[in-house]
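Structure data (TSV, N, CA and C atoms) from upload_19.tsv:
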```
chain	number	residue	atom	x	y	z
V	18	LEU	N	23.89	3.17	-20.78
V	18	LEU	CA	24.22	3.40	-19.38
V	18	LEU	C	23.14	4.27	-18.76
V	19	VAL	N	22.64	3.82	-17.62
V	19	VAL	CA	21.60	4.55	-16.89
V	19	VAL	C	22.08	4.80	-15.47
V	20	GLN	N	21.93	6.01	-15.01
V	20	GLN	CA	22.22	6.32	-13.61
V	20	GLN	C	20.92	6.57	-12.88
V	21	LEU	N	20.86	6.08	-11.64
V	21	LEU	CA	19.63	6.21	-10.86
V	21	LEU	C	19.97	6.74	-9.46
V	22	ALA	N	19.03	7.50	-8.91
V	22	ALA	CA	19.22	8.05	-7.57
V	22	ALA	C	17.90	8.03	-6.83
V	23	GLU	N	17.88	7.30	-5.70
V	23	GLU	CA	16.68	7.19	-4.89
V	23	GLU	C	16.63	8.30	-3.85
V	24	SER	N	15.41	8.62	-3.43
V	24	SER	CA	15.21	9.55	-2.32
V	24	SER	C	13.88	9.22	-1.66
V	25	GLY	N	13.67	9.74	-0.46
V	25	GLY	CA	12.39	9.59	0.20
V	25	GLY	C	12.35	8.58	1.33
V	26	GLY	N	13.46	7.88	1.57
V	26	GLY	CA	13.47	6.94	2.67
V	26	GLY	C	13.47	7.66	4.01
V	27	GLY	N	13.32	6.89	5.08
V	27	GLY	CA	13.31	7.48	6.41
V	27	GLY	C	12.69	6.52	7.41
V	28	SER	N	12.35	7.06	8.57
V	28	SER	CA	11.74	6.27	9.63
V	28	SER	C	10.27	6.63	9.75
V	29	VAL	N	9.44	5.63	9.92
V	29	VAL	CA	8.00	5.86	10.01
V	29	VAL	C	7.40	4.83	10.97
V	30	GLN	N	6.34	5.23	11.62
V	30	GLN	CA	5.67	4.32	12.53
V	30	GLN	C	4.84	3.31	11.73
V	31	ALA	N	4.70	2.12	12.28
V	31	ALA	CA	3.90	1.08	11.63
V	31	ALA	C	2.50	1.62	11.34
V	32	GLY	N	2.00	1.30	10.16
V	32	GLY	CA	0.71	1.82	9.72
V	32	GLY	C	0.82	3.09	8.89
V	33	GLY	N	1.99	3.69	8.91
V	33	GLY	CA	2.19	4.92	8.16
V	33	GLY	C	2.54	4.67	6.70
V	34	SER	N	2.87	5.78	6.01
V	34	SER	CA	3.15	5.73	4.57
V	34	SER	C	4.46	6.44	4.26
V	35	LEU	N	5.07	6.03	3.19
V	35	LEU	CA	6.23	6.70	2.63
V	35	LEU	C	6.13	6.65	1.12
V	36	LYS	N	6.68	7.67	0.47
V	36	LYS	CA	6.75	7.67	-0.98
V	36	LYS	C	8.22	7.81	-1.39
V	37	LEU	N	8.72	6.78	-2.04
V	37	LEU	CA	10.09	6.82	-2.54
V	37	LEU	C	10.10	7.34	-3.97
V	38	SER	N	11.14	8.07	-4.30
V	38	SER	CA	11.31	8.58	-5.66
V	38	SER	C	12.62	8.08	-6.23
V	39	CYS	N	12.65	7.91	-7.53
V	39	CYS	CA	13.88	7.55	-8.22
V	39	CYS	C	14.01	8.40	-9.46
V	40	GLU	N	15.09	9.12	-9.55
V	40	GLU	CA	15.39	9.89	-10.75
V	40	GLU	C	16.36	9.09	-11.60
V	41	TYR	N	15.98	8.85	-12.86
V	41	TYR	CA	16.87	8.08	-13.73
V	41	TYR	C	17.37	8.96	-14.88
V	42	SER	N	18.62	8.77	-15.21
V	42	SER	CA	19.26	9.54	-16.28
V	42	SER	C	19.86	8.56	-17.27
V	43	ILE	N	19.48	8.73	-18.53
V	43	ILE	CA	20.02	7.86	-19.58
V	43	ILE	C	21.28	8.52	-20.12
V	44	ILE	N	22.41	7.99	-19.69
V	44	ILE	CA	23.69	8.59	-20.06
V	44	ILE	C	24.04	8.25	-21.50
V	45	SER	N	23.84	7.00	-21.87
V	45	SER	CA	24.05	6.59	-23.25
V	45	SER	C	22.88	5.69	-23.65
V	46	PRO	N	22.09	6.10	-24.65
V	46	PRO	CA	20.90	5.33	-25.04
V	46	PRO	C	21.24	3.92	-25.49
V	47	ASP	N	20.30	3.01	-25.22
V	47	ASP	CA	20.46	1.63	-25.67
V	47	ASP	C	20.32	1.56	-27.18
V	48	ALA	N	21.08	0.64	-27.80
V	48	ALA	CA	21.06	0.55	-29.26
V	48	ALA	C	19.76	-0.04	-29.79
V	49	TYR	N	19.01	-0.79	-28.94
V	49	TYR	CA	17.85	-1.53	-29.45
V	49	TYR	C	16.52	-1.05	-28.90
V	50	SER	N	16.52	-0.34	-27.79
V	50	SER	CA	15.25	0.05	-27.21
V	50	SER	C	15.32	1.44	-26.62
V	51	SER	N	14.30	2.23	-26.93
V	51	SER	CA	14.19	3.56	-26.32
V	51	SER	C	13.33	3.51	-25.06
V	52	GLU	N	12.77	2.34	-24.78
V	52	GLU	CA	11.94	2.19	-23.59
V	52	GLU	C	12.69	1.37	-22.54
V	53	TYR	N	12.26	1.53	-21.29
V	53	TYR	CA	12.94	0.89	-20.17
V	53	TYR	C	11.96	0.24	-19.22
V	54	CYS	N	12.38	-0.87	-18.65
V	54	CYS	CA	11.71	-1.43	-17.49
V	54	CYS	C	12.37	-0.82	-16.27
V	55	LEU	N	11.55	-0.33	-15.38
V	55	LEU	CA	12.01	0.28	-14.14
V	55	LEU	C	11.43	-0.52	-12.99
V	56	ALA	N	12.18	-0.68	-11.93
V	56	ALA	CA	11.72	-1.54	-10.84
V	56	ALA	C	12.20	-1.04	-9.49
V	57	TRP	N	11.50	-1.49	-8.48
V	57	TRP	CA	11.89	-1.27	-7.09
V	57	TRP	C	12.23	-2.61	-6.46
V	58	TYR	N	13.35	-2.64	-5.76
V	58	TYR	CA	13.81	-3.80	-5.02
V	58	TYR	C	14.06	-3.40	-3.57
V	59	ARG	N	14.13	-4.38	-2.70
V	59	ARG	CA	14.57	-4.11	-1.35
V	59	ARG	C	15.45	-5.25	-0.85
V	60	GLN	N	16.25	-4.92	0.14
V	60	GLN	CA	17.19	-5.91	0.67
V	60	GLN	C	17.42	-5.65	2.15
V	61	THR	N	17.40	-6.74	2.93
V	61	THR	CA	17.76	-6.68	4.34
V	61	THR	C	19.09	-7.41	4.51
V	62	PRO	N	19.83	-7.09	5.56
V	62	PRO	CA	21.15	-7.71	5.75
V	62	PRO	C	21.08	-9.23	5.74
V	63	GLY	N	21.92	-9.85	4.96
V	63	GLY	CA	21.98	-11.29	4.91
V	63	GLY	C	21.03	-11.92	3.91
V	64	ASP	N	20.16	-11.12	3.32
V	64	ASP	CA	19.19	-11.66	2.35
V	64	ASP	C	19.51	-11.17	0.94
V	65	GLU	N	18.93	-11.84	-0.04
V	65	GLU	CA	19.07	-11.40	-1.42
V	65	GLU	C	18.16	-10.21	-1.69
V	66	ARG	N	18.55	-9.41	-2.67
V	66	ARG	CA	17.70	-8.31	-3.10
V	66	ARG	C	16.44	-8.89	-3.74
V	67	ARG	N	15.27	-8.34	-3.37
V	67	ARG	CA	14.00	-8.90	-3.82
V	67	ARG	C	13.17	-7.83	-4.51
V	68	GLY	N	12.66	-8.17	-5.66
V	68	GLY	CA	11.85	-7.22	-6.42
V	68	GLY	C	10.48	-7.02	-5.80
V	69	LEU	N	9.96	-5.79	-5.91
V	69	LEU	CA	8.64	-5.45	-5.37
V	69	LEU	C	7.67	-5.05	-6.47
V	70	ALA	N	8.10	-4.16	-7.33
V	70	ALA	CA	7.21	-3.59	-8.34
V	70	ALA	C	8.03	-3.17	-9.55
V	71	SER	N	7.39	-3.30	-10.71
V	71	SER	CA	8.08	-2.96	-11.95
V	71	SER	C	7.12	-2.24	-12.87
V	72	ILE	N	7.65	-1.34	-13.72
V	72	ILE	CA	6.80	-0.58	-14.63
V	72	ILE	C	7.56	-0.33	-15.92
V	73	TRP	N	6.82	-0.31	-17.03
V	73	TRP	CA	7.41	-0.10	-18.34
V	73	TRP	C	7.17	1.33	-18.79
V	74	THR	N	8.21	2.01	-19.27
V	74	THR	CA	8.08	3.40	-19.68
V	74	THR	C	7.19	3.58	-20.90
V	75	GLY	N	7.02	2.52	-21.70
V	75	GLY	CA	6.26	2.66	-22.93
V	75	GLY	C	4.79	2.97	-22.73
V	76	ASP	N	4.14	2.20	-21.83
V	76	ASP	CA	2.70	2.42	-21.62
V	76	ASP	C	2.29	2.31	-20.16
V	77	GLY	N	3.28	2.21	-19.25
V	77	GLY	CA	2.95	2.17	-17.83
V	77	GLY	C	2.51	0.80	-17.33
V	78	THR	N	2.68	-0.24	-18.13
V	78	THR	CA	2.37	-1.59	-17.67
V	78	THR	C	3.14	-1.89	-16.39
V	79	THR	N	2.45	-2.49	-15.41
V	79	THR	CA	3.08	-2.76	-14.13
V	79	THR	C	3.01	-4.24	-13.77
V	80	GLU	N	3.89	-4.62	-12.88
V	80	GLU	CA	3.86	-5.96	-12.30
V	80	GLU	C	4.33	-5.85	-10.86
V	81	TYR	N	3.70	-6.63	-10.01
V	81	TYR	CA	4.04	-6.61	-8.60
V	81	TYR	C	4.36	-8.01	-8.10
V	82	ARG	N	5.26	-8.08	-7.12
V	82	ARG	CA	5.45	-9.31	-6.36
V	82	ARG	C	4.40	-9.31	-5.24
V	83	ASP	N	4.13	-10.49	-4.72
V	83	ASP	CA	3.09	-10.63	-3.69
V	83	ASP	C	3.30	-9.69	-2.52
V	84	ASP	N	4.55	-9.54	-2.06
V	84	ASP	CA	4.76	-8.71	-0.88
V	84	ASP	C	4.68	-7.23	-1.18
V	85	GLY	N	4.55	-6.86	-2.47
V	85	GLY	CA	4.36	-5.46	-2.80
V	85	GLY	C	2.93	-5.13	-3.21
V	86	GLU	N	2.22	-6.13	-3.65
V	86	GLU	CA	0.89	-5.88	-4.19
V	86	GLU	C	-0.11	-5.54	-3.09
V	87	GLY	N	-0.96	-4.57	-3.38
V	87	GLY	CA	-1.99	-4.17	-2.43
V	87	GLY	C	-1.60	-2.99	-1.57
V	88	ARG	N	-0.39	-2.99	-1.05
V	88	ARG	CA	0.06	-1.88	-0.21
V	88	ARG	C	1.00	-0.95	-0.95
V	89	PHE	N	1.67	-1.46	-1.96
V	89	PHE	CA	2.67	-0.67	-2.69
V	89	PHE	C	2.15	-0.37	-4.09
V	90	THR	N	2.41	0.85	-4.55
V	90	THR	CA	2.00	1.25	-5.89
V	90	THR	C	3.18	1.92	-6.60
V	91	VAL	N	3.47	1.46	-7.79
V	91	VAL	CA	4.54	2.07	-8.59
V	91	VAL	C	3.91	3.00	-9.61
V	92	ALA	N	4.53	4.15	-9.81
V	92	ALA	CA	4.02	5.14	-10.76
V	92	ALA	C	5.19	5.79	-11.49
V	93	LEU	N	4.87	6.44	-12.59
V	93	LEU	CA	5.91	6.92	-13.50
V	93	LEU	C	5.62	8.35	-13.94
V	94	ASP	N	6.64	9.18	-14.02
V	94	ASP	CA	6.54	10.50	-14.63
V	94	ASP	C	7.61	10.55	-15.72
V	95	ASN	N	7.21	10.18	-16.92
V	95	ASN	CA	8.18	10.07	-18.01
V	95	ASN	C	8.81	11.42	-18.34
V	96	ALA	N	8.01	12.47	-18.26
V	96	ALA	CA	8.51	13.79	-18.66
V	96	ALA	C	9.68	14.23	-17.78
V	97	ARG	N	9.61	13.87	-16.49
V	97	ARG	CA	10.67	14.29	-15.57
V	97	ARG	C	11.66	13.17	-15.29
V	98	LYS	N	11.51	12.05	-15.96
V	98	LYS	CA	12.39	10.90	-15.75
V	98	LYS	C	12.42	10.51	-14.26
V	99	LEU	N	11.22	10.37	-13.72
V	99	LEU	CA	11.06	9.97	-12.33
V	99	LEU	C	10.12	8.79	-12.24
V	100	PHE	N	10.34	7.90	-11.29
V	100	PHE	CA	9.31	6.95	-10.92
V	100	PHE	C	9.30	6.79	-9.41
V	101	PHE	N	8.18	6.27	-8.93
V	101	PHE	CA	7.88	6.36	-7.51
V	101	PHE	C	7.41	5.01	-6.97
V	102	LEU	N	7.55	4.87	-5.66
V	102	LEU	CA	6.95	3.74	-4.97
V	102	LEU	C	6.20	4.30	-3.77
V	103	GLN	N	4.88	4.27	-3.87
V	103	GLN	CA	4.04	4.69	-2.76
V	103	GLN	C	3.81	3.48	-1.88
V	104	MET	N	4.17	3.60	-0.61
V	104	MET	CA	4.05	2.47	0.32
V	104	MET	C	3.11	2.87	1.44
V	105	ASN	N	2.03	2.12	1.59
V	105	ASN	CA	1.02	2.40	2.61
V	105	ASN	C	0.95	1.26	3.61
V	106	ASN	N	0.38	1.57	4.77
V	106	ASN	CA	0.20	0.56	5.81
V	106	ASN	C	1.51	-0.20	6.06
V	107	LEU	N	2.56	0.54	6.29
V	107	LEU	CA	3.88	-0.08	6.45
V	107	LEU	C	3.96	-0.90	7.73
V	108	LYS	N	4.76	-1.96	7.64
V	108	LYS	CA	4.94	-2.88	8.76
V	108	LYS	C	6.43	-2.94	9.12
V	109	PRO	N	6.75	-3.30	10.35
V	109	PRO	CA	8.17	-3.40	10.71
V	109	PRO	C	8.97	-4.30	9.76
V	110	GLU	N	8.36	-5.33	9.23
V	110	GLU	CA	9.07	-6.23	8.32
V	110	GLU	C	9.35	-5.60	6.96
V	111	ASP	N	8.80	-4.40	6.71
V	111	ASP	CA	9.13	-3.67	5.49
V	111	ASP	C	10.44	-2.91	5.62
V	112	SER	N	11.01	-2.89	6.81
V	112	SER	CA	12.29	-2.19	7.02
V	112	SER	C	13.37	-2.85	6.17
V	113	ALA	N	14.04	-2.04	5.37
V	113	ALA	CA	15.04	-2.58	4.43
V	113	ALA	C	15.71	-1.41	3.72
V	114	MET	N	16.75	-1.74	2.96
V	114	MET	CA	17.30	-0.79	2.00
V	114	MET	C	16.53	-0.97	0.70
V	115	TYR	N	16.02	0.12	0.16
V	115	TYR	CA	15.23	0.08	-1.06
V	115	TYR	C	16.05	0.64	-2.22
V	116	TYR	N	16.00	-0.10	-3.33
V	116	TYR	CA	16.77	0.27	-4.51
V	116	TYR	C	15.85	0.42	-5.72
V	117	CYS	N	16.16	1.37	-6.58
V	117	CYS	CA	15.49	1.39	-7.87
V	117	CYS	C	16.44	0.83	-8.94
V	118	ALA	N	15.85	0.31	-10.00
V	118	ALA	CA	16.62	-0.37	-11.03
V	118	ALA	C	16.06	-0.04	-12.40
V	119	ALA	N	16.90	-0.19	-13.42
V	119	ALA	CA	16.47	0.07	-14.79
V	119	ALA	C	17.15	-0.88	-15.75
V	120	ASP	N	16.45	-1.16	-16.86
V	120	ASP	CA	16.97	-2.04	-17.88
V	120	ASP	C	16.26	-1.70	-19.20
V	121	PRO	N	16.95	-1.68	-20.32
V	121	PRO	CA	16.25	-1.47	-21.58
V	121	PRO	C	15.23	-2.57	-21.82
V	122	CYS	N	14.02	-2.21	-22.24
V	122	CYS	CA	12.94	-3.17	-22.48
V	122	CYS	C	12.22	-2.77	-23.75
V	123	LEU	N	12.29	-3.61	-24.75
V	123	LEU	CA	11.67	-3.29	-26.03
V	123	LEU	C	10.15	-3.32	-25.96
V	124	THR	N	9.58	-4.22	-25.17
V	124	THR	CA	8.13	-4.35	-25.06
V	124	THR	C	7.73	-4.44	-23.60
V	125	ARG	N	6.41	-4.34	-23.38
V	125	ARG	CA	5.91	-4.41	-22.00
V	125	ARG	C	6.05	-5.81	-21.43
V	126	TYR	N	6.31	-6.80	-22.28
V	126	TYR	CA	6.44	-8.17	-21.79
V	126	TYR	C	7.74	-8.37	-21.03
V	127	GLY	N	8.61	-7.37	-21.07
V	127	GLY	CA	9.84	-7.44	-20.29
V	127	GLY	C	9.67	-6.99	-18.86
V	128	VAL	N	8.50	-6.40	-18.55
V	128	VAL	CA	8.25	-5.93	-17.18
V	128	VAL	C	8.31	-7.11	-16.22
V	129	GLY	N	9.01	-6.94	-15.14
V	129	GLY	CA	9.10	-8.03	-14.17
V	129	GLY	C	10.39	-7.94	-13.41
V	130	PHE	N	10.89	-9.08	-12.99
V	130	PHE	CA	12.01	-9.10	-12.06
V	130	PHE	C	13.14	-9.98	-12.59
V	131	HIS	N	13.55	-9.69	-13.81
V	131	HIS	CA	14.71	-10.34	-14.40
V	131	HIS	C	15.96	-9.68	-13.83
V	132	VAL	N	17.10	-9.99	-14.38
V	132	VAL	CA	18.35	-9.40	-13.91
V	132	VAL	C	18.48	-7.99	-14.50
V	133	TYR	N	18.44	-7.00	-13.65
V	133	TYR	CA	18.54	-5.62	-14.09
V	133	TYR	C	20.01	-5.20	-14.17
V	134	ASP	N	20.30	-4.38	-15.18
V	134	ASP	CA	21.69	-3.96	-15.39
V	134	ASP	C	22.10	-2.81	-14.47
V	135	TYR	N	21.15	-1.97	-14.11
V	135	TYR	CA	21.51	-0.74	-13.40
V	135	TYR	C	20.70	-0.58	-12.12
V	136	PHE	N	21.39	-0.24	-11.04
V	136	PHE	CA	20.76	0.00	-9.75
V	136	PHE	C	21.25	1.32	-9.18
V	137	GLY	N	20.40	1.93	-8.35
V	137	GLY	CA	20.83	3.09	-7.59
V	137	GLY	C	21.57	2.67	-6.34
V	138	GLN	N	21.93	3.66	-5.52
V	138	GLN	CA	22.70	3.41	-4.31
V	138	GLN	C	21.83	2.95	-3.14
V	139	GLY	N	20.54	3.18	-3.23
V	139	GLY	CA	19.63	2.72	-2.18
V	139	GLY	C	19.23	3.82	-1.22
V	140	THR	N	18.06	3.63	-0.61
V	140	THR	CA	17.59	4.53	0.43
V	140	THR	C	16.99	3.67	1.54
V	141	GLN	N	17.32	3.99	2.78
V	141	GLN	CA	16.92	3.16	3.92
V	141	GLN	C	15.50	3.50	4.37
V	142	VAL	N	14.72	2.47	4.60
V	142	VAL	CA	13.38	2.62	5.18
V	142	VAL	C	13.36	1.83	6.47
V	143	THR	N	12.95	2.50	7.55
V	143	THR	CA	12.84	1.85	8.85
V	143	THR	C	11.43	2.07	9.37
V	144	VAL	N	10.76	0.99	9.70
V	144	VAL	CA	9.40	1.04	10.22
V	144	VAL	C	9.43	0.54	11.65
V	145	PHE	N	9.01	1.39	12.59
V	145	PHE	CA	9.06	1.01	14.00
V	145	PHE	C	7.64	0.83	14.53
V	146	SER	N	7.52	-0.07	15.48
V	146	SER	CA	6.19	-0.37	16.03
V	146	SER	C	5.90	0.48	17.25
```

Represent the supplied structure as structure tokens.
Amino acid sequence: LVQLAESGGGSVQAGGSLKLSCEYSIISPDAYSSEYCLAWYRQTPGDERRGLASIWTGDGTTEYRDDGEGRFTVALDNARKLFFLQMNNLKPEDSAMYYCAADPCLTRYGVGFHVYDYFGQGTQVTVFS
């Protein structure tokens, strides 16, 4: 069981930047893996939740979806059980609820956008023009 809590959302003008943080707590360790895939997703009303960036706790391997690559960067602080999403050059279409997610991952080949078991409550990002 993993609990996650996002922070750092807010309102920003187009072209600006925001850094989202996610604190994850491993309440009960997984029986098969001590490492985790961590990811950022976003969702707008009426749409499905869509993955943006993923990172593996074992060695920091990352993967991005097209709409996250180039402007968004995922980073990890294993010691503090935190991971981040740095978002630059934000556009109004980036406005959404942003969620962090976690799943046990034995190897870095699990990094990506499979079905994650655990999600946070979300943090709202609004980009105005």

For this session: Find, counting only C-alpha atoms, the residue in V:Asn105, V:Thr61, V:Thr74, V:Ser24 that gets nearest to Leu37 in chain V.
Result: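 Of all the options, V:Ser24 lies closest to Leu37 in chain V.
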
Exercise. In Å, with one decimal, what is the gap from atom N of Lys36 in chain V to atom C of Gly68 in chain V?
Worked result: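 These two atoms are separated by 16.4 Å.
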
Problem set entry | Separation of atom N of Gly139 in chain V from atom C of Lys108 in chain V in Å |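 Separation between atom C of Lys108 in chain V and atom N of Gly139 in chain V: 19.7 Å.
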
Exercise. Nearest to Glu23 in chain V among V:Trp73, V:Phe145, V:Tyr41, V:Tyr81, with distances taken over all atoms listed in the file: which residue is it?
Worked result: V:Tyr41

Problem set entry | Atom pair atom N of Met104 in chain V / atom C of Asp84 in chain V: separation (Å) | 10.9 Å

Seminar exercise, completed: Using only N, CA and C atoms, the residue out of V:Asp111, V:Tyr116, V:Glu40, V:His131 with shortest distance to Leu99 in chain V is V:Glu40

Problem set entry | Which of V:Arg88, V:Lys98, V:Arg82, V:Arg125 sits closest to Leu69 in chain V [using all atoms listed in the file] | V:Arg82

Problem set entry | From V:Thr140, V:Gln60, V:Ser38, V:Asn106, residue lying nearest Asp94 in chain V [only C-alpha atoms] | V:Ser38

Exercise. Residues at most 9 Å from Leu21 in chain V, counting only C-alpha atoms, excluding those fewer than 3 positions away in the same chain, as a PyMOL selection string?
Worked result: chain V and resi 39-43+117-119+135-138

Exercise. Using only C-alpha atoms, which residues sit within 7 Å of range 48-55 of chain V once same-chain residues fewer than 2 positions away are excluded, as a PyMOL selection string?
Worked result: chain V and resi 46+71-75+118-123+127-128

Exercise. DSSP says strand (DSSP E or B) for which residues of chain V? Put them as a PyMOL selection string?
Worked result: chain V and resi 19-24+27-30+35-43+53-60+67-73+79-81+89-94+99-104+113-121+135-136+140-145

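In this comparison, which uses all atoms listed in the file, the residue of V:Ser34, V:Asp83, V:Ala56, V:Ser112 approaching Ala70 in chain V most closely is V:Ala56.
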
Problem set entry | Spatial neighbours of Gln30 in chain V, 6 Å, only N, CA and C atoms, chain gap at least 3 places, as a list of chain:residue names |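 Listing them by chain and then by number gives V:Gly33, V:Leu107, V:Val144, V:Phe145, V:Ser146.
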
Emit the selected residues as a CSV table (one decimal), in the frame of the given file, including N, CA and C atoms.
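out.csv written:
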```csv
chain,number,residue,atom,x,y,z
V,33,GLY,N,2.0,3.7,8.9
V,33,GLY,CA,2.2,4.9,8.2
V,33,GLY,C,2.5,4.7,6.7
V,107,LEU,N,2.6,0.5,6.3
V,107,LEU,CA,3.9,-0.1,6.4
V,107,LEU,C,4.0,-0.9,7.7
V,144,VAL,N,10.8,1.0,9.7
V,144,VAL,CA,9.4,1.0,10.2
V,144,VAL,C,9.4,0.5,11.6
V,145,PHE,N,9.0,1.4,12.6
V,145,PHE,CA,9.1,1.0,14.0
V,145,PHE,C,7.6,0.8,14.5
V,146,SER,N,7.5,-0.1,15.5
V,146,SER,CA,6.2,-0.4,16.0
V,146,SER,C,5.9,0.5,17.2
```
